[in-house]
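Here's model31.cif, which has mmCIF, C-alpha atoms:
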```
data_work
#
loop_
_atom_site.label_atom_id
_atom_site.label_comp_id
_atom_site.auth_asym_id
_atom_site.auth_seq_id
_atom_site.Cartn_x
_atom_site.Cartn_y
_atom_site.Cartn_z
CA MET A 1 10.64 35.83 -20.11
CA ALA A 2 12.81 33.08 -18.52
CA THR A 3 11.30 30.94 -15.81
CA ALA A 4 12.81 28.88 -12.97
CA GLN A 5 11.40 25.47 -12.09
CA LEU A 6 12.08 23.81 -8.72
CA THR A 7 13.18 20.22 -9.13
CA ALA A 8 11.19 19.12 -6.06
CA SER A 9 7.88 20.62 -7.14
CA SER A 10 5.98 22.04 -10.06
CA ILE A 11 6.15 25.65 -8.81
CA LYS A 12 7.40 28.18 -11.37
CA VAL A 13 8.68 31.61 -10.38
CA PRO A 14 10.17 34.50 -12.41
CA ALA A 15 13.94 34.29 -12.68
CA ARG A 16 14.33 37.86 -11.41
CA SER A 17 12.72 36.88 -8.07
CA LEU A 18 15.40 34.32 -7.20
CA THR A 19 17.38 36.84 -5.16
CA SER A 20 14.68 36.60 -2.48
CA PHE A 21 15.88 33.06 -1.70
CA ASP A 22 19.40 34.21 -0.77
CA GLY A 23 20.68 32.79 2.52
CA LEU A 24 18.66 29.56 2.45
CA ARG A 25 19.69 25.97 1.67
CA PRO A 26 21.02 25.51 -1.91
CA SER A 27 19.28 23.31 -4.45
CA SER A 28 19.61 22.63 -8.18
CA VAL A 29 17.20 24.53 -10.39
CA LYS A 30 16.53 24.17 -14.12
CA PHE A 31 16.06 27.29 -16.21
CA ALA A 32 14.17 27.08 -19.47
CA SER A 33 13.93 30.01 -21.84
CA VAL A 34 11.31 30.23 -24.53
CA GLY A 35 13.67 29.81 -27.44
CA GLY A 36 16.66 27.95 -26.02
CA ALA A 37 17.81 24.78 -24.30
CA PRO A 38 17.58 24.55 -20.49
CA SER A 39 20.64 25.50 -18.48
CA GLN A 40 21.69 24.51 -14.93
CA ARG A 41 22.18 26.92 -12.07
CA SER A 42 21.97 26.69 -8.33
CA PHE A 43 20.09 28.95 -5.99
CA ARG A 44 18.98 28.92 -2.39
CA ARG A 45 15.48 27.69 -1.57
CA LEU A 46 13.22 27.36 1.42
CA VAL A 47 13.16 23.85 2.91
CA VAL A 48 9.78 22.78 4.28
CA LYS A 49 9.75 20.11 7.01
CA ALA A 50 6.94 17.60 6.41
CA ALA A 51 6.37 16.63 10.05
CA ALA A 52 5.23 19.05 12.75
CA VAL A 53 7.56 18.97 15.76
CA VAL A 54 5.97 18.68 19.23
CA ALA A 55 8.01 20.65 21.78
CA PRO A 56 9.74 18.59 24.52
CA LYS A 57 7.65 20.30 27.23
CA TYR A 58 4.65 18.22 26.07
CA THR A 59 4.92 14.67 27.41
CA SER A 60 1.79 13.04 26.00
CA ILE A 61 -0.64 13.26 23.10
CA LYS A 62 -4.30 12.28 23.51
CA PRO A 63 -6.16 11.85 20.20
CA LEU A 64 -9.75 13.03 20.11
CA GLY A 65 -12.85 11.41 18.65
CA ASP A 66 -12.15 8.60 16.21
CA ARG A 67 -8.48 9.50 15.78
CA VAL A 68 -5.52 7.20 16.39
CA LEU A 69 -1.88 8.03 17.15
CA VAL A 70 0.59 5.67 15.47
CA LYS A 71 4.36 5.46 15.93
CA ILE A 72 5.67 5.02 12.40
CA LYS A 73 7.85 2.03 11.59
CA THR A 74 11.39 3.07 10.64
CA VAL A 75 11.92 3.24 6.88
CA GLU A 76 14.23 0.63 5.38
CA GLU A 77 17.64 2.14 4.67
CA LYS A 78 19.05 -0.77 2.67
CA THR A 79 17.84 -3.56 0.42
CA ASP A 80 17.73 -7.25 1.34
CA GLY A 81 21.06 -7.57 -0.44
CA GLY A 82 22.65 -4.95 1.82
CA ILE A 83 22.72 -2.05 -0.67
CA PHE A 84 22.05 1.28 1.02
CA LEU A 85 19.21 3.26 -0.52
CA PRO A 86 19.17 7.01 -1.16
CA SER A 87 16.30 8.82 0.53
CA THR A 88 14.43 9.12 -2.78
CA ALA A 89 14.45 5.33 -3.24
CA GLN A 90 13.41 4.40 0.29
CA THR A 91 9.88 3.05 0.54
CA LYS A 92 7.57 5.31 2.54
CA PRO A 93 6.41 3.24 5.54
CA GLN A 94 2.72 2.35 5.85
CA ALA A 95 3.03 0.45 9.11
CA GLY A 96 3.37 1.34 12.75
CA GLU A 97 2.30 0.70 16.33
CA VAL A 98 -0.77 2.29 17.87
CA VAL A 99 0.30 4.27 20.94
CA ALA A 100 -2.92 6.13 21.81
CA VAL A 101 -6.56 6.25 20.68
CA GLY A 102 -9.48 8.64 20.99
CA GLU A 103 -12.73 8.04 22.81
CA GLY A 104 -14.51 6.79 19.70
CA LYS A 105 -17.51 8.13 17.86
CA THR A 106 -21.29 8.06 17.95
CA VAL A 107 -23.27 6.67 15.01
CA GLY A 108 -27.01 7.13 15.39
CA LYS A 109 -27.62 6.36 19.06
CA THR A 110 -24.74 3.93 19.33
CA LYS A 111 -21.44 4.86 20.98
CA LEU A 112 -18.59 3.03 19.25
CA ASP A 113 -15.14 2.54 20.72
CA ILE A 114 -12.01 2.56 18.56
CA SER A 115 -11.49 -0.97 17.18
CA VAL A 116 -7.69 -0.89 17.51
CA LYS A 117 -5.94 -0.76 20.87
CA PRO A 118 -2.59 0.65 21.99
CA GLY A 119 0.20 -1.81 21.19
CA THR A 120 -1.50 -3.07 18.01
CA GLN A 121 0.60 -3.21 14.84
CA VAL A 122 -1.37 -1.67 11.97
CA ILE A 123 -1.16 -0.87 8.27
CA TYR A 124 -2.60 2.46 7.18
CA SER A 125 -3.43 4.28 3.95
CA LYS A 126 -0.35 5.71 2.25
CA TYR A 127 -1.26 9.40 2.31
CA ALA A 128 -3.48 9.48 5.39
CA GLY A 129 -3.18 11.61 8.50
CA THR A 130 -0.78 14.24 9.77
CA GLU A 131 2.86 13.46 10.50
CA LEU A 132 4.49 14.78 13.65
CA GLU A 133 7.75 14.32 15.49
CA PHE A 134 7.27 13.46 19.17
CA ASN A 135 9.83 12.23 21.71
CA GLY A 136 12.44 11.89 18.96
CA ALA A 137 10.30 9.55 16.83
CA ASN A 138 8.00 10.05 13.85
CA HIS A 139 4.30 9.59 14.52
CA LEU A 140 1.10 9.86 12.52
CA ILE A 141 -2.28 10.98 13.79
CA LEU A 142 -5.11 9.74 11.58
CA ARG A 143 -8.74 8.69 11.64
CA GLU A 144 -9.59 5.10 12.48
CA ASP A 145 -11.15 4.71 9.04
CA ASP A 146 -7.72 5.30 7.49
CA VAL A 147 -6.34 2.21 9.25
CA VAL A 148 -6.39 -0.50 6.59
CA GLY A 149 -5.89 -3.49 8.87
CA ILE A 150 -4.13 -5.21 11.76
CA LEU A 151 -0.88 -7.10 11.30
CA GLU A 152 -0.12 -9.72 13.97
CA THR A 153 2.98 -11.11 12.20
CA ASP A 154 5.77 -9.70 10.02
CA GLU A 155 4.11 -11.07 6.87
CA ILE A 156 1.74 -8.80 4.93
CA LYS A 157 -0.16 -11.90 3.76
CA ASP A 158 -1.52 -12.23 7.32
CA LEU A 159 -3.17 -8.79 7.26
CA LYS A 160 -6.61 -8.64 8.91
CA PRO A 161 -8.56 -5.88 7.12
CA LEU A 162 -10.84 -3.54 9.06
CA ASN A 163 -14.24 -2.03 8.32
CA ASP A 164 -15.16 -2.30 4.61
CA ARG A 165 -11.65 -3.22 3.43
CA VAL A 166 -10.89 -6.25 1.24
CA PHE A 167 -7.43 -7.85 1.06
CA ILE A 168 -6.57 -9.39 -2.31
CA LYS A 169 -3.73 -11.47 -3.72
CA VAL A 170 -3.07 -9.91 -7.12
CA ALA A 171 -3.04 -12.15 -10.19
CA GLU A 172 0.31 -12.24 -11.98
CA ALA A 173 0.67 -9.99 -15.01
CA GLU A 174 0.63 -11.60 -18.43
CA GLU A 175 4.14 -12.53 -19.56
CA THR A 176 3.34 -12.54 -23.29
CA THR A 177 0.97 -10.88 -25.74
CA ALA A 178 -1.81 -12.77 -27.55
CA GLY A 179 0.61 -13.15 -30.46
CA GLY A 180 3.26 -14.76 -28.26
CA LEU A 181 5.62 -11.79 -27.88
CA LEU A 182 7.48 -11.67 -24.57
CA LEU A 183 6.65 -8.55 -22.55
CA THR A 184 9.21 -6.52 -20.61
CA GLU A 185 8.48 -5.51 -17.01
CA ALA A 186 7.76 -1.93 -18.11
CA SER A 187 5.25 -2.98 -20.77
CA LYS A 188 3.29 -5.47 -18.67
CA GLU A 189 -0.19 -4.21 -17.95
CA LYS A 190 -1.01 -3.79 -14.28
CA PRO A 191 -3.51 -6.56 -13.41
CA SER A 192 -6.84 -5.63 -11.84
CA ILE A 193 -7.91 -9.18 -10.99
CA GLY A 194 -7.07 -11.19 -7.90
CA MET A 195 -8.26 -13.62 -5.25
CA VAL A 196 -9.75 -12.36 -2.00
CA ILE A 197 -7.64 -13.44 0.98
CA ALA A 198 -9.56 -11.72 3.80
CA VAL A 199 -12.38 -9.23 4.32
CA GLY A 200 -13.25 -6.77 7.06
CA PRO A 201 -16.35 -6.97 9.28
CA GLY A 202 -18.18 -4.53 7.01
CA PRO A 203 -19.25 -0.87 7.13
CA LEU A 204 -21.49 0.68 9.76
CA ASP A 205 -25.13 1.44 9.01
CA GLU A 206 -26.98 4.51 10.29
CA GLU A 207 -27.64 2.82 13.64
CA GLY A 208 -24.05 1.77 14.20
CA ASN A 209 -24.49 -1.89 13.26
CA ARG A 210 -22.08 -3.75 10.99
CA LYS A 211 -23.31 -4.67 7.52
CA PRO A 212 -21.43 -7.80 6.33
CA LEU A 213 -19.72 -7.62 2.96
CA SER A 214 -21.07 -9.61 0.01
CA ILE A 215 -17.50 -10.54 -0.97
CA ALA A 216 -15.95 -13.60 0.66
CA PRO A 217 -12.44 -15.08 0.95
CA GLY A 218 -11.74 -17.30 -2.06
CA ASN A 219 -13.67 -15.11 -4.51
CA THR A 220 -11.84 -14.08 -7.67
CA VAL A 221 -12.68 -10.44 -8.26
CA MET A 222 -12.09 -7.56 -10.65
CA TYR A 223 -11.34 -4.20 -9.05
CA SER A 224 -10.73 -0.61 -10.09
CA LYS A 225 -7.33 -0.37 -11.78
CA TYR A 226 -5.76 2.35 -9.63
CA ALA A 227 -7.61 1.74 -6.36
CA GLY A 228 -6.32 0.84 -2.93
CA ASN A 229 -2.89 0.34 -1.39
CA ASP A 230 -0.32 -2.00 -2.94
CA PHE A 231 1.94 -4.29 -0.90
CA LYS A 232 4.59 -6.88 -1.69
CA GLY A 233 5.14 -10.00 0.40
CA SER A 234 8.55 -11.30 1.47
CA ASP A 235 8.32 -13.89 -1.33
CA GLY A 236 7.60 -11.25 -3.97
CA THR A 237 3.83 -11.87 -4.13
CA ASN A 238 1.77 -8.74 -4.81
CA TYR A 239 -1.24 -7.85 -2.67
CA ILE A 240 -3.69 -4.98 -2.60
CA ALA A 241 -6.03 -3.69 0.12
CA LEU A 242 -9.02 -1.67 -1.02
CA ARG A 243 -12.57 -0.78 -0.09
CA ALA A 244 -15.35 -3.17 -1.05
CA SER A 245 -16.92 -0.40 -3.15
CA GLU A 246 -13.83 -0.50 -5.38
CA VAL A 247 -14.48 -4.14 -6.29
CA MET A 248 -16.43 -4.12 -9.56
CA ALA A 249 -17.31 -7.79 -10.10
CA VAL A 250 -16.91 -11.37 -8.89
CA LEU A 251 -15.53 -13.72 -11.55
CA SER A 252 -16.37 -17.42 -11.85
#
```

Any chance you could give the structure as structure tokens?
Amino acid sequence: MATAQLTASSIKVPARSLTSFDGLRPSSVKFASVGGAPSQRSFRRLVVKAAAVVAPKYTSIKPLGDRVLVKIKTVEEKTDGGIFLPSTAQTKPQAGEVVAVGEGKTVGKTKLDISVKPGTQVIYSKYAGTELEFNGANHLILREDDVVGILETDEIKDLKPLNDRVFIKVAEAEETTAGGLLLTEASKEKPSIGMVIAVGPGPLDEEGNRKPLSIAPGNTVMYSKYAGNDFKGSDGTNYIALRASEVMAVLS
């Protein structure tokens, strides 16, 4: 039996059910039969909006508990050279301004306030929180623990990590093999070694006190290969922010 595969997802549906999509926005769909080459057709599909829209009658949002409301930084629509980017090539923003915070949380017998304040520019985990559209702008509501760090300048190298986060300058990938062969960009192995630039104040213990990290700025460390959030500085330098538990060893 022939199947239809949506180009924007991995969902497969029987070809005979495609008539149920009639009247919705068109999209390209690939059909693959068991014994033949794929063919191209178009059909109409349901379009799902990623961000929830807050109705205009609501004029404010007050996060609860340890949640933070962030106004998302506008995505870059063109490269430094002035070339406009299609939506698929635009980098998903991971930065924004805190506009409201919750009342905090209680750990043990200690009441802890949110460590970031309204007006603070922050970097957050790439897939954290819930997106919503409010007052014509995109916002994100997320837990404080998903805030990676505070950024007081426009340079990612100045990031101040929060909680148990560690900020690392990534070592450059090897340009050649052991035998001297020059590697292409695609074949270079992603490095998992770098130098610690800054560390957070540490995680909270059961009584709400900070436990300092054993890692210090200046340490050269090895970390889990696919951990953390990757960033690139304005000069092309690669950085990564990850949790201290994702650092496997200190090298010397």

Given all atoms listed in the file as the counted atoms, nearest of A:Thr237, A:Asn135, A:Thr106, A:Ser125 to Ile168 in chain A: A:Thr237

The PyMOL selection byres ((chain A and resi 234) around 12) applied to the shown file, residues as a PyMOL selection string: chain A and resi 80+154-158+231-233+235-239

Non-local contacts of range 126-132 of chain A (7 Å; only C-alpha atoms; under 5 positions in same chain excluded) as a PyMOL selection string: chain A and resi 51-54+94+138-142+146+229

Mind listing as a PDB file with C-alpha atoms, keeping the file's coordinate frame all residues within 10 Å of (-6.4, 9.2, 21.9), counting all atoms listed in the file?
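File produced: part_35.pdb:
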```pdb
ATOM      1  CA  SER A  60       1.790  13.040  26.000  1.00  0.00           C
ATOM      2  CA  ILE A  61      -0.640  13.260  23.100  1.00  0.00           C
ATOM      3  CA  LYS A  62      -4.300  12.280  23.510  1.00  0.00           C
ATOM      4  CA  PRO A  63      -6.160  11.850  20.200  1.00  0.00           C
ATOM      5  CA  LEU A  64      -9.750  13.030  20.110  1.00  0.00           C
ATOM      6  CA  GLY A  65     -12.850  11.410  18.650  1.00  0.00           C
ATOM      7  CA  ASP A  66     -12.150   8.600  16.210  1.00  0.00           C
ATOM      8  CA  ARG A  67      -8.480   9.500  15.780  1.00  0.00           C
ATOM      9  CA  VAL A  68      -5.520   7.200  16.390  1.00  0.00           C
ATOM     10  CA  LEU A  69      -1.880   8.030  17.150  1.00  0.00           C
ATOM     11  CA  VAL A  98      -0.770   2.290  17.870  1.00  0.00           C
ATOM     12  CA  VAL A  99       0.300   4.270  20.940  1.00  0.00           C
ATOM     13  CA  ALA A 100      -2.920   6.130  21.810  1.00  0.00           C
ATOM     14  CA  VAL A 101      -6.560   6.250  20.680  1.00  0.00           C
ATOM     15  CA  GLY A 102      -9.480   8.640  20.990  1.00  0.00           C
ATOM     16  CA  GLU A 103     -12.730   8.040  22.810  1.00  0.00           C
ATOM     17  CA  GLY A 104     -14.510   6.790  19.700  1.00  0.00           C
ATOM     18  CA  ILE A 114     -12.010   2.560  18.560  1.00  0.00           C
ATOM     19  CA  PRO A 118      -2.590   0.650  21.990  1.00  0.00           C
ATOM     20  CA  ILE A 141      -2.280  10.980  13.790  1.00  0.00           C
TER      21      ILE A 141
END
```

Residue nearest Val116 in chain A among A:Gly228, A:Pro161, A:Pro217, A:Pro56 (counting all atoms listed in the file): A:Pro161
